[in-house]
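Structure file model20.cif with mmCIF, C-alpha atoms:
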data_upload
loop_
_atom_site.label_atom_id
_atom_site.label_comp_id
_atom_site.auth_asym_id
_atom_site.auth_seq_id
_atom_site.Cartn_x
_atom_site.Cartn_y
_atom_site.Cartn_z
CA MET B 215 103.51 80.15 22.73
CA ARG B 216 100.59 78.94 24.78
CA THR B 217 101.30 77.74 28.31
CA LEU B 218 98.86 75.51 30.14
CA THR B 219 98.97 75.47 33.93
CA LEU B 220 97.98 72.53 36.12
CA GLU B 221 97.89 72.34 39.87
CA LEU B 222 98.93 69.13 41.59
CA VAL B 223 98.84 68.17 45.23
CA PRO B 224 101.61 65.59 45.50
CA ASP B 225 101.05 62.97 48.20
CA VAL B 226 103.64 60.78 49.92
CA SER B 227 103.82 58.38 46.98
CA ALA B 228 105.21 61.14 44.73
CA PHE B 229 108.41 61.43 46.74
CA ASN B 230 111.47 59.49 47.75
CA PRO B 231 113.46 60.78 50.74
CA HIS B 232 115.27 63.36 48.60
CA GLN B 233 112.88 64.69 45.98
CA LEU B 234 109.97 64.06 43.63
CA LYS B 235 110.39 60.61 42.13
CA PRO B 236 111.59 60.65 38.52
CA PHE B 237 108.62 58.49 37.51
CA TYR B 238 106.21 61.05 38.97
CA VAL B 239 107.92 63.90 37.14
CA LEU B 240 108.00 62.03 33.83
CA ALA B 241 104.40 60.87 34.14
CA SER B 242 103.26 64.39 35.08
CA CYS B 243 105.09 65.81 32.07
CA PHE B 244 103.44 63.25 29.78
CA ASN B 245 100.04 63.91 31.30
CA GLY B 246 100.59 67.66 31.00
CA SER B 247 101.32 67.20 27.32
CA GLU B 248 98.05 65.33 26.89
CA VAL B 249 96.10 67.98 28.79
CA TRP B 250 97.70 70.67 26.61
CA ALA B 251 96.74 68.71 23.49
CA ARG B 252 93.14 68.43 24.64
CA ALA B 253 92.96 72.14 25.43
CA HIS B 254 94.79 73.57 22.43
CA GLY B 255 95.53 70.80 19.95
CA VAL B 256 94.24 67.35 19.10
CA PRO B 257 93.31 64.82 21.80
CA HIS B 258 95.33 61.64 21.38
CA GLN B 259 92.28 59.46 20.77
CA MET B 260 91.11 61.82 18.03
CA ALA B 261 94.57 61.88 16.46
CA ILE B 262 94.52 58.09 16.27
CA ARG B 263 90.94 57.81 15.09
CA ASN B 264 90.64 60.71 12.68
CA LEU B 265 94.17 61.65 11.64
CA GLN B 266 95.90 58.24 11.75
CA THR B 267 98.57 59.86 13.87
CA ALA B 268 100.19 58.46 16.98
CA PHE B 269 103.38 59.28 18.85
CA VAL B 270 106.29 57.53 20.53
CA ILE B 271 108.71 58.97 23.04
CA GLN B 272 112.27 59.28 21.75
CA VAL B 273 114.03 61.28 24.48
CA ALA B 274 113.04 62.35 27.98
CA ARG B 275 114.92 64.54 30.40
CA VAL B 276 114.45 65.63 34.01
CA GLN B 277 116.51 68.27 35.78
CA TYR B 278 116.16 68.83 39.51
CA LEU B 279 116.81 72.47 40.37
CA GLN B 280 116.35 72.74 44.11
CA ARG B 281 115.63 70.60 47.12
CA TYR B 282 111.95 69.76 47.50
CA THR B 283 110.74 67.05 49.86
CA TYR B 284 107.39 65.85 51.08
CA GLU B 285 107.70 67.89 54.26
CA GLN B 286 107.71 71.04 52.10
CA ALA B 287 104.96 69.96 49.73
CA GLU B 288 101.75 71.94 49.66
CA ARG B 289 100.90 72.66 46.04
CA LEU B 290 102.79 72.07 42.85
CA VAL B 291 102.04 74.19 39.82
CA VAL B 292 103.01 72.58 36.53
CA SER B 293 103.39 74.81 33.47
CA VAL B 294 103.25 72.97 30.16
CA THR B 295 104.21 74.05 26.67
CA ARG B 296 104.06 71.96 23.51
CA ARG B 297 105.76 72.73 20.21
CA SER B 298 106.20 71.20 16.78
CA LEU B 299 109.91 70.86 16.00
CA LYS B 300 111.92 69.85 12.94
CA ASP B 301 109.12 70.89 10.59
CA GLY B 302 106.63 68.51 12.15
CA ALA B 303 108.97 65.53 12.59
CA GLN B 304 109.19 66.00 16.37
CA VAL B 305 107.00 67.34 19.16
CA GLU B 306 108.49 68.78 22.32
CA ALA B 307 106.55 68.85 25.57
CA ARG B 308 108.21 70.91 28.26
CA THR B 309 107.07 71.22 31.87
CA VAL B 310 108.22 73.38 34.76
CA PHE B 311 107.38 72.25 38.31
CA GLU B 312 107.00 75.15 40.69
CA ALA B 313 106.45 74.58 44.40
CA LYS B 314 103.92 76.81 46.14
CA PRO B 315 105.30 78.12 48.39
CA GLY B 316 108.80 77.95 46.99
CA GLY B 317 110.28 78.18 43.54
CA THR B 318 111.02 76.06 40.50
CA VAL B 319 112.03 72.62 41.74
CA ALA B 320 112.29 70.64 38.52
CA GLU B 321 111.98 70.82 34.76
CA ALA B 322 111.19 68.00 32.40
CA SER B 323 110.92 67.66 28.66
CA LEU B 324 109.92 65.00 26.18
CA CYS B 325 110.85 64.62 22.55
CA VAL B 326 108.04 62.76 20.83
CA VAL B 327 108.12 61.39 17.29
CA PRO B 328 104.93 61.27 15.22
CA LEU B 329 103.88 58.10 13.45
CA THR B 330 101.47 57.51 10.64
CA LEU B 331 99.31 54.56 11.56
CA VAL B 332 99.18 51.72 9.10
CA GLY B 333 96.80 48.76 9.02
CA ASP B 334 93.45 48.29 10.59
CA GLY B 335 94.09 45.29 12.77
CA GLY B 336 93.92 47.18 16.04
CA GLU B 337 97.62 46.70 16.74
CA LEU B 338 98.31 50.44 16.17
CA ALA B 339 101.36 49.73 14.06
CA GLY B 340 102.89 52.84 12.61
CA LEU B 341 105.85 54.27 10.78
CA PRO B 342 107.66 57.53 11.55
CA ALA B 343 106.40 60.41 9.42
CA PRO B 344 106.09 64.16 9.99
CA MET B 345 102.74 65.37 11.20
CA SER B 346 100.20 66.13 8.51
CA ASN B 347 98.97 69.67 7.95
CA SER B 348 95.65 68.64 9.44
CA TYR B 349 97.47 68.03 12.73
CA LEU B 350 99.99 70.86 12.43
CA GLN B 351 97.27 73.46 11.98
CA TYR B 352 96.45 73.18 15.67
CA PHE B 353 99.85 74.67 16.56
CA GLU B 354 100.19 78.45 16.51
CA ALA B 355 102.97 79.96 14.40
CA SER B 356 105.06 80.54 17.54
CA GLU B 357 104.75 76.84 18.34
CA ARG B 358 106.19 75.62 15.02
CA THR B 359 109.88 75.64 14.30
CA SER B 360 112.52 73.91 12.18
CA GLU B 361 114.81 73.46 15.17
CA SER B 362 115.48 69.97 16.49
CA TYR B 363 114.99 68.90 20.09
CA ALA B 364 118.07 69.72 22.18
CA SER B 365 118.88 66.10 22.97
CA PRO B 366 121.55 65.26 25.54
CA PHE B 367 122.36 62.17 23.45
CA PRO B 368 124.89 61.05 22.34
CA SER B 369 127.12 63.78 23.80
CA ALA B 370 126.22 63.15 27.45
CA LEU B 371 127.05 59.48 27.17
CA GLN B 372 130.31 60.13 25.34
CA GLN B 373 131.37 62.69 27.92
CA ILE B 374 130.75 60.32 30.83
CA VAL B 375 132.43 57.33 29.23
CA GLU B 376 135.44 59.30 27.98
CA SER B 377 136.12 61.50 30.98
CA GLY B 378 134.70 59.49 33.89
CA GLU B 379 136.35 56.66 35.79
CA LEU B 380 134.49 53.36 35.62
CA VAL B 381 133.83 52.30 39.22
CA SER B 382 131.83 49.13 38.76
CA THR B 383 129.32 47.25 36.64
CA TYR B 384 126.15 45.34 37.41
CA GLN B 385 123.41 43.43 35.63
CA HIS B 386 119.82 43.23 36.77
CA PRO B 387 117.00 41.26 35.09
CA PHE B 388 113.47 42.54 34.62
CA PHE B 389 110.21 41.32 33.15
CA VAL B 390 107.66 43.57 31.48
CA HIS B 391 104.35 43.02 33.20
CA ARG B 392 101.10 44.52 32.03
CA GLU B 393 101.16 46.98 34.89
CA HIS B 394 104.28 48.47 33.25
CA CYS B 395 102.49 48.99 29.94
CA GLU B 396 100.07 51.40 28.38
CA PHE B 397 96.94 50.58 26.47
CA VAL B 398 98.46 48.61 23.57
CA ASP B 399 100.63 46.44 25.84
CA GLN B 400 103.72 48.45 24.93
CA TRP B 401 105.79 49.53 27.92
CA TYR B 402 105.05 52.93 29.37
CA PHE B 403 108.22 54.95 28.81
CA ALA B 404 108.42 56.31 32.35
CA GLU B 405 108.89 52.78 33.65
CA ALA B 406 112.42 52.90 32.21
CA SER B 407 113.35 55.14 35.13
CA ASN B 408 112.12 52.49 37.56
CA TYR B 409 113.98 49.63 35.83
CA ALA B 410 117.19 51.70 35.91
CA ALA B 411 116.70 52.67 39.54
CA ALA B 412 116.08 49.06 40.53
CA SER B 413 119.40 48.04 39.00
CA ARG B 414 121.26 50.92 40.69
CA GLU B 415 119.73 50.16 44.07
CA ARG B 416 120.52 46.46 43.80
CA MET B 417 124.06 47.35 42.75
CA VAL B 418 124.49 49.48 45.86
CA PHE B 419 122.91 46.77 48.00
CA GLU B 420 125.35 44.14 46.76
CA GLN B 421 128.50 46.21 46.21
CA GLY B 422 128.13 49.20 48.54
CA ALA B 423 130.12 47.66 51.39
CA LYS B 424 133.10 47.07 49.12
CA LEU B 425 132.66 50.25 47.08
CA PRO B 426 131.26 52.95 49.40
CA TYR B 427 131.41 55.55 46.62
CA LEU B 428 128.44 53.80 44.98
CA ARG B 429 126.27 54.64 47.98
CA ARG B 430 126.13 58.22 46.75
CA GLY B 431 123.58 56.86 44.30
CA LEU B 432 121.24 56.49 47.27
CA SER B 433 122.41 59.07 49.77
CA LEU B 434 122.43 62.07 47.40
CA PRO B 435 119.49 63.52 45.49
CA MET B 436 119.46 62.98 41.75
CA ARG B 437 120.56 66.03 39.75
CA GLU B 438 119.59 64.95 36.28
CA LEU B 439 117.99 62.05 34.41
CA SER B 440 118.22 61.47 30.66
CA LEU B 441 116.46 58.71 28.75
CA LEU B 442 116.84 57.65 25.13
CA PHE B 443 114.37 55.20 23.60
CA LEU B 444 115.56 53.18 20.64
CA ARG B 445 113.18 50.21 20.46
CA PRO B 446 110.02 49.39 22.38
CA PHE B 447 109.54 46.72 25.00
CA TYR B 448 106.26 44.88 25.25
CA PHE B 449 104.22 42.93 27.72
CA PHE B 450 105.89 39.51 28.36
CA ASP B 451 109.36 40.72 27.28
CA GLU B 452 112.31 39.63 29.38
CA GLY B 453 115.04 42.20 29.74
CA GLN B 454 118.22 43.00 31.56
CA VAL B 455 119.60 46.32 32.77
CA GLN B 456 123.35 46.55 32.22
CA THR B 457 124.58 49.20 34.59
CA ARG B 458 127.92 51.01 34.74
CA ALA B 459 128.81 53.42 37.53
CA PHE B 460 131.25 56.24 36.78
CA ARG B 461 133.08 58.67 39.02
CA SER B 462 133.36 62.13 37.49
CA HIS B 463 134.33 65.57 38.75
CA GLU B 464 130.60 66.37 38.98
CA GLY B 465 129.69 63.29 41.02
CA VAL B 466 128.59 59.72 40.48
CA CYS B 467 126.83 58.81 37.22
CA PHE B 468 125.01 55.60 36.45
CA VAL B 469 124.66 54.60 32.82
CA HIS B 470 122.06 51.92 32.18
CA GLU B 471 121.49 50.02 28.96
CA LEU B 472 118.12 48.27 28.87
CA MET B 473 118.56 45.13 26.82
CA LYS B 474 116.03 42.63 25.56
CA LYS B 475 116.85 38.96 25.94
CA ASP B 476 118.65 37.60 22.83
CA VAL B 477 118.94 41.07 21.21
CA PRO B 478 122.46 42.56 21.08
CA GLU B 479 121.51 46.25 20.78
CA PRO B 480 120.02 48.22 23.68
CA HIS B 481 116.36 49.15 23.60
CA ALA B 482 116.91 52.19 25.81
CA LEU B 483 119.63 54.17 27.56
CA VAL B 484 119.20 55.84 30.92
CA ILE B 485 121.71 58.20 32.53
CA GLU B 486 121.31 59.15 36.17
CA ARG B 487 123.54 61.88 37.65
CA PHE B 488 123.86 62.38 41.39
CA MET G 173 109.95 26.04 12.50
CA LEU G 174 109.38 27.79 15.75
CA ILE G 175 107.49 31.10 15.36
CA ARG G 176 107.76 33.51 18.27
CA LEU G 177 105.47 36.52 18.53
CA SER G 178 105.78 39.54 20.74
CA GLY G 179 104.25 42.85 21.58
CA THR G 180 100.90 43.90 20.30
CA LEU G 181 100.57 40.72 18.24
CA LEU G 182 100.07 38.60 21.36
CA ARG G 183 96.49 39.75 21.79
CA PHE G 184 95.59 38.11 18.47
CA VAL G 185 96.85 34.69 19.60
CA ASP G 186 95.44 34.61 23.11
CA TYR G 187 98.82 35.55 24.61
CA GLN G 188 100.77 32.54 23.41
CA LYS G 189 104.33 33.42 22.50
CA GLU G 190 105.51 30.36 20.59
CA PHE G 191 104.11 28.20 17.81
CA ARG G 192 105.70 25.05 16.42
CA ILE G 193 104.70 24.87 12.74
CA ASP G 194 105.67 22.33 10.09
CA ALA G 195 105.96 24.17 6.75
CA PRO G 196 108.57 24.32 3.97
CA THR G 197 108.76 28.12 3.59
CA LEU G 198 108.36 31.21 5.71
CA LYS G 199 105.29 32.24 3.75
CA ASP G 200 103.67 28.83 4.25
CA GLY G 201 104.44 29.04 7.96
CA LEU G 202 102.85 32.46 8.28
CA GLN G 203 99.82 31.34 6.29
CA GLN G 204 99.37 28.31 8.57
CA LEU G 205 99.55 30.58 11.57
CA SER G 206 97.07 32.95 9.92
CA ALA G 207 94.68 30.10 9.17
CA GLN G 208 94.76 29.19 12.86
CA TYR G 209 94.51 32.81 14.03
CA PRO G 210 92.95 34.98 11.28
CA GLU G 211 93.39 38.22 13.25
CA VAL G 212 97.15 37.84 13.41
CA GLY G 213 97.12 37.15 9.68
CA LYS G 214 95.34 40.43 9.03
CA ALA G 215 97.86 42.27 11.17
CA LEU G 216 100.91 40.68 9.55
CA LEU G 217 100.01 40.32 5.88
CA ASP G 218 98.43 42.67 3.37
CA LYS G 219 95.76 41.61 0.89
CA GLY G 220 98.46 40.40 -1.51
CA GLY G 221 99.94 38.13 1.13
CA GLN G 222 103.02 40.32 1.61
CA LEU G 223 104.41 41.25 4.97
CA ARG G 224 103.21 44.69 6.08
CA ALA G 225 105.90 47.37 6.42
CA THR G 226 105.12 47.78 10.08
CA HIS G 227 106.37 44.34 11.00
CA ARG G 228 109.80 42.76 11.10
CA VAL G 229 110.59 39.08 10.65
CA PHE G 230 113.86 37.58 11.81
CA VAL G 231 115.11 34.09 10.98
CA ASN G 232 117.59 32.94 13.61
CA GLY G 233 118.14 36.59 14.52
CA VAL G 234 118.72 37.85 10.95
CA ILE G 235 116.14 40.21 9.49
CA VAL G 236 114.22 39.02 6.44
CA GLU G 237 113.47 41.49 3.67
CA ARG G 238 109.83 41.84 2.76
CA GLY G 239 110.20 40.13 -0.61
CA GLN G 240 111.90 37.04 0.80
CA LEU G 241 108.99 35.22 2.34
CA ASP G 242 109.36 32.33 -0.10
CA ARG G 243 112.67 31.29 1.41
CA ALA G 244 112.98 27.73 2.64
CA ILE G 245 112.86 27.21 6.39
CA GLY G 246 114.14 24.22 8.35
CA GLY G 247 112.48 22.50 11.25
CA GLU G 248 114.92 23.94 13.77
CA ASP G 249 114.83 27.53 12.52
CA VAL G 250 113.49 30.15 14.89
CA ILE G 251 111.29 32.91 13.47
CA ASP G 252 110.79 36.07 15.52
CA ILE G 253 108.08 38.53 14.50
CA ALA G 254 107.81 42.00 15.98
CA THR G 255 105.83 45.15 15.31
CA ALA G 256 108.24 47.84 14.13
CA ILE G 257 106.78 50.69 16.14
CA THR G 258 103.49 51.17 17.85
CA GLY G 259 101.79 54.18 19.33
CA GLY G 260 101.84 55.08 22.95
#
Using structure tokens, write down the structure from this file.
Amino acid sequence: MRTLTLELVPDVSAFNPHQLKPFYVLASCFNGSEVWARAHGVPHQMAIRNLQTAFVIQVARVQYLQRYTYEQAERLVVSVTRRSLKDGAQVEARTVFEAKPGGTVAEASLCVVPLTLVGDGGELAGLPAPMSNSYLQYFEASERTSESYASPFPSALQQIVESGELVSTYQHPFFVHREHCEFVDQWYFAEASNYAAASRERMVFEQGAKLPYLRRGLSLPMRELSLLFLRPFYFFDEGQVQTRAFRSHEGVCFVHELMKKDVPEPHALVIERF
Amino acid sequence: MLIRLSGTLLRFVDYQKEFRIDAPTLKDGLQQLSAQYPEVGKALLDKGGQLRATHRVFVNGVIVERGQLDRAIGGEDVIDIATAITGG
């Protein structure tokens, strides 16, 4: 399997007081996947233009492995691998963030679903379909497998809801501005981590005096972040984050459902573990 | 009927979200919208005038099957149109 290595110099904006921001990790993972594709596979623009293939994020995951703050930050080496899974029906991008000096501070992965583009109206509408052979040929044999992505969903959610103690709930509105979107005015997936965090922080702000346990969602570093994307949001959409905080033997967990106004099913789920 | 667009379709209608259209059927409503904004018509309908598979139409929150565009629509009905999935 081919590994591509990138070197980053994270500045102050990449960090919160505890660690690399989830958005930075997710965006770096996504960018690493694109750099890998340009080096070893098919650049995204070429996939759209020549192979009528695009991709959407289905699952994203970040695991923080050791403390790493701005004061420690010199260089960050990001190792990226990319594989075809499920016989071409999924792509996995996996990144390891290694501090120099230091060790592995975080890992992130994305499960991406290929789409076959339909129509020529410029709206980039597509339907899920396994990658064509003309795309798959760019993966080496060791990068193609029938395995599925090891998704934390739905088991992680079930485990929290069934074994955790519900501490409190909160609802927080949001609006999808263009700055939250990528080039076709669809939301950029990594923004989901920011919408969820905004709801958690506001929850702590409003309820933390009455429920001090919630403050652990600010005072402790995040251990793990899992995101599941079910439906897209777009520029101009109005949404609401419905947040539940759970106490478990491992610590506090926040489960966020990102809802679109007037739609009963969630568009995305975000689980933050502290 | 009130037609509401979202997502990538907004660029074809100069970023207006809602259109009040007086038409007896869903198909007539979509054709009126397409006459006003040809680019959105190309995105929504194929050459045979059928809804493309990449788009979803909801009448008062209930999805409409692709072959049901001839259904009658009342003046107060709300039509939501969304792109099923887009790249990105």
* **Selected residue of minimal separation from chain B among G:Glu237, G:Glu190, G:Asp242, G:Glu211, counting only C-alpha atoms** =>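 Between G:Glu237, G:Glu190, G:Asp242, G:Glu211, the residue approaching chain B most closely is G:Glu211.
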* To do: For the file shown, report as a list in words the outcome of the PyMOL selection byres ((chain B and resi 363) around 8) at residue level.
  =>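 With the shown file as input, the PyMOL selection byres ((chain B and resi 363) around 8) matches Leu299, Lys300, Gln304, Glu306, Cys325, Glu361, Ser362, Ala364 and Ser365 of chain B.
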* Quick one, how far is CA of Tyr409 in chain B from CA of Val455 in chain B? ->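 Here the two named atoms are 7.2 Å from each other.
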* Find the distance between CA of Val381 in chain B and CA of Ala411 in chain B and write it in Å to one decimal. => 17.1 Å
* Explicit residues for the PyMOL selection byres ((chain G and resi 212) around 12) (as a PyMOL selection string) -> (chain B and resi 333-337) or (chain G and resi 177-188+202-211+213-218+223-224+227+253-255)
* To do: Return as a VMD selection string the residues belonging to chain B that are within 10 Å of chain G, counting all atoms listed in the file.
  => chain B and resid 258 262 267 to 271 327 to 342 395 to 403 445 to 451 476 to 478
* To do: Decode the PyMOL selection byres ((chain B and resi 433) around 12) for the given file into explicit residues and return them as number ranges by chain.
  => B: 230-233, 415, 418, 422, 426-432, 434-436, 466, 488
* Tell me, as a PyMOL selection string, which residues lie within 12 Å of Pro257 in chain B, counting only C-alpha atoms; anything in the same chain fewer than 3 positions away does not count. => chain B and resi 245+247-254+260-265+267-269+349+352
* To do: Please identify all polymer residues within 12 Å of Gln351 in chain B, counting all atoms listed in the file, omitting same-chain residues fewer than 2 positions from it, and present them as a PyMOL selection string.
  => chain B and resi 254-256+297-298+302+345-349+353-358
* Which value, in Å to one decimal, gives the distance between CA of Phe460 in chain B and CA of Gln421 in chain B? -> 14.0 Å
* Asked: With all atoms listed in the file as the atoms that count, which of G:Leu174, G:Ala195, G:Ile245, G:Val250 lies nearest to Phe230 in chain G?
  ->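 Ranked by minimum distance to Phe230 in chain G, first place goes to G:Val250.
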Reconstruct range 370-393 of chain B at the level of N, CA, C and O atoms, and format the result as a tab-separated table (two decimals), in the frame of the given file.
chain	number	residue	atom	x	y	z
B	370	ALA	N	126.14	63.40	26.00
B	370	ALA	CA	126.22	63.15	27.45
B	370	ALA	C	126.87	61.80	27.73
B	370	ALA	O	127.72	61.68	28.63
B	371	LEU	N	126.49	60.82	26.97
B	371	LEU	CA	127.05	59.48	27.17
B	371	LEU	C	128.54	59.47	26.85
B	371	LEU	O	129.35	58.92	27.61
B	372	GLN	N	128.88	60.08	25.73
B	372	GLN	CA	130.31	60.13	25.34
B	372	GLN	C	131.13	60.81	26.42
B	372	GLN	O	132.22	60.35	26.78
B	373	GLN	N	130.62	61.92	26.93
B	373	GLN	CA	131.37	62.69	27.92
B	373	GLN	C	131.61	61.86	29.19
B	373	GLN	O	132.71	61.86	29.74
B	374	ILE	N	130.60	61.13	29.61
B	374	ILE	CA	130.75	60.32	30.83
B	374	ILE	C	131.74	59.18	30.61
B	374	ILE	O	132.64	58.94	31.41
B	375	VAL	N	131.58	58.50	29.50
B	375	VAL	CA	132.43	57.33	29.23
B	375	VAL	C	133.89	57.75	29.00
B	375	VAL	O	134.82	57.08	29.45
B	376	GLU	N	134.08	58.89	28.32
B	376	GLU	CA	135.44	59.30	27.98
B	376	GLU	C	136.16	60.00	29.14
B	376	GLU	O	137.36	59.84	29.31
B	377	SER	N	135.42	60.75	29.95
B	377	SER	CA	136.12	61.50	30.98
B	377	SER	C	135.92	60.93	32.39
B	377	SER	O	136.63	61.29	33.32
B	378	GLY	N	134.94	60.04	32.55
B	378	GLY	CA	134.70	59.49	33.89
B	378	GLY	C	135.55	58.24	34.14
B	378	GLY	O	136.11	57.65	33.22
B	379	GLU	N	135.62	57.87	35.39
B	379	GLU	CA	136.35	56.66	35.79
B	379	GLU	C	135.32	55.57	36.09
B	379	GLU	O	134.44	55.76	36.93
B	380	LEU	N	135.43	54.45	35.39
B	380	LEU	CA	134.49	53.36	35.62
B	380	LEU	C	134.73	52.76	37.01
B	380	LEU	O	135.84	52.29	37.31
B	381	VAL	N	133.70	52.78	37.84
B	381	VAL	CA	133.83	52.30	39.22
B	381	VAL	C	133.42	50.84	39.32
B	381	VAL	O	134.09	50.02	39.94
B	382	SER	N	132.30	50.51	38.68
B	382	SER	CA	131.83	49.13	38.76
B	382	SER	C	130.73	48.89	37.72
B	382	SER	O	130.23	49.84	37.11
B	383	THR	N	130.39	47.64	37.56
B	383	THR	CA	129.32	47.25	36.64
B	383	THR	C	128.36	46.32	37.37
B	383	THR	O	128.70	45.70	38.38
B	384	TYR	N	127.17	46.20	36.79
B	384	TYR	CA	126.15	45.34	37.41
B	384	TYR	C	125.11	44.98	36.35
B	384	TYR	O	124.91	45.74	35.39
B	385	GLN	N	124.48	43.84	36.54
B	385	GLN	CA	123.41	43.43	35.63
B	385	GLN	C	122.19	43.02	36.44
B	385	GLN	O	122.32	42.30	37.44
B	386	HIS	N	121.05	43.48	36.00
B	386	HIS	CA	119.82	43.23	36.77
B	386	HIS	C	118.69	42.85	35.80
B	386	HIS	O	118.39	43.60	34.88
B	387	PRO	N	118.06	41.68	36.01
B	387	PRO	CA	117.00	41.26	35.09
B	387	PRO	C	115.67	41.97	35.39
B	387	PRO	O	115.44	42.43	36.51
B	388	PHE	N	114.85	42.07	34.38
B	388	PHE	CA	113.47	42.54	34.62
B	388	PHE	C	112.52	41.86	33.65
B	388	PHE	O	112.95	41.27	32.65
B	389	PHE	N	111.27	41.92	33.97
B	389	PHE	CA	110.21	41.32	33.15
B	389	PHE	C	109.13	42.38	32.96
B	389	PHE	O	108.76	43.06	33.91
B	390	VAL	N	108.67	42.54	31.74
B	390	VAL	CA	107.66	43.57	31.48
B	390	VAL	C	106.27	42.99	31.76
B	390	VAL	O	105.77	42.15	31.01
B	391	HIS	N	105.71	43.42	32.86
B	391	HIS	CA	104.35	43.02	33.20
B	391	HIS	C	103.36	44.03	32.62
B	391	HIS	O	103.72	45.14	32.26
B	392	ARG	N	102.11	43.63	32.59
B	392	ARG	CA	101.10	44.52	32.03
B	392	ARG	C	100.98	45.82	32.81
B	392	ARG	O	100.65	46.86	32.26
B	393	GLU	N	101.26	45.75	34.09
B	393	GLU	CA	101.16	46.98	34.89
B	393	GLU	C	102.24	48.00	34.49
B	393	GLU	O	102.17	49.16	34.87
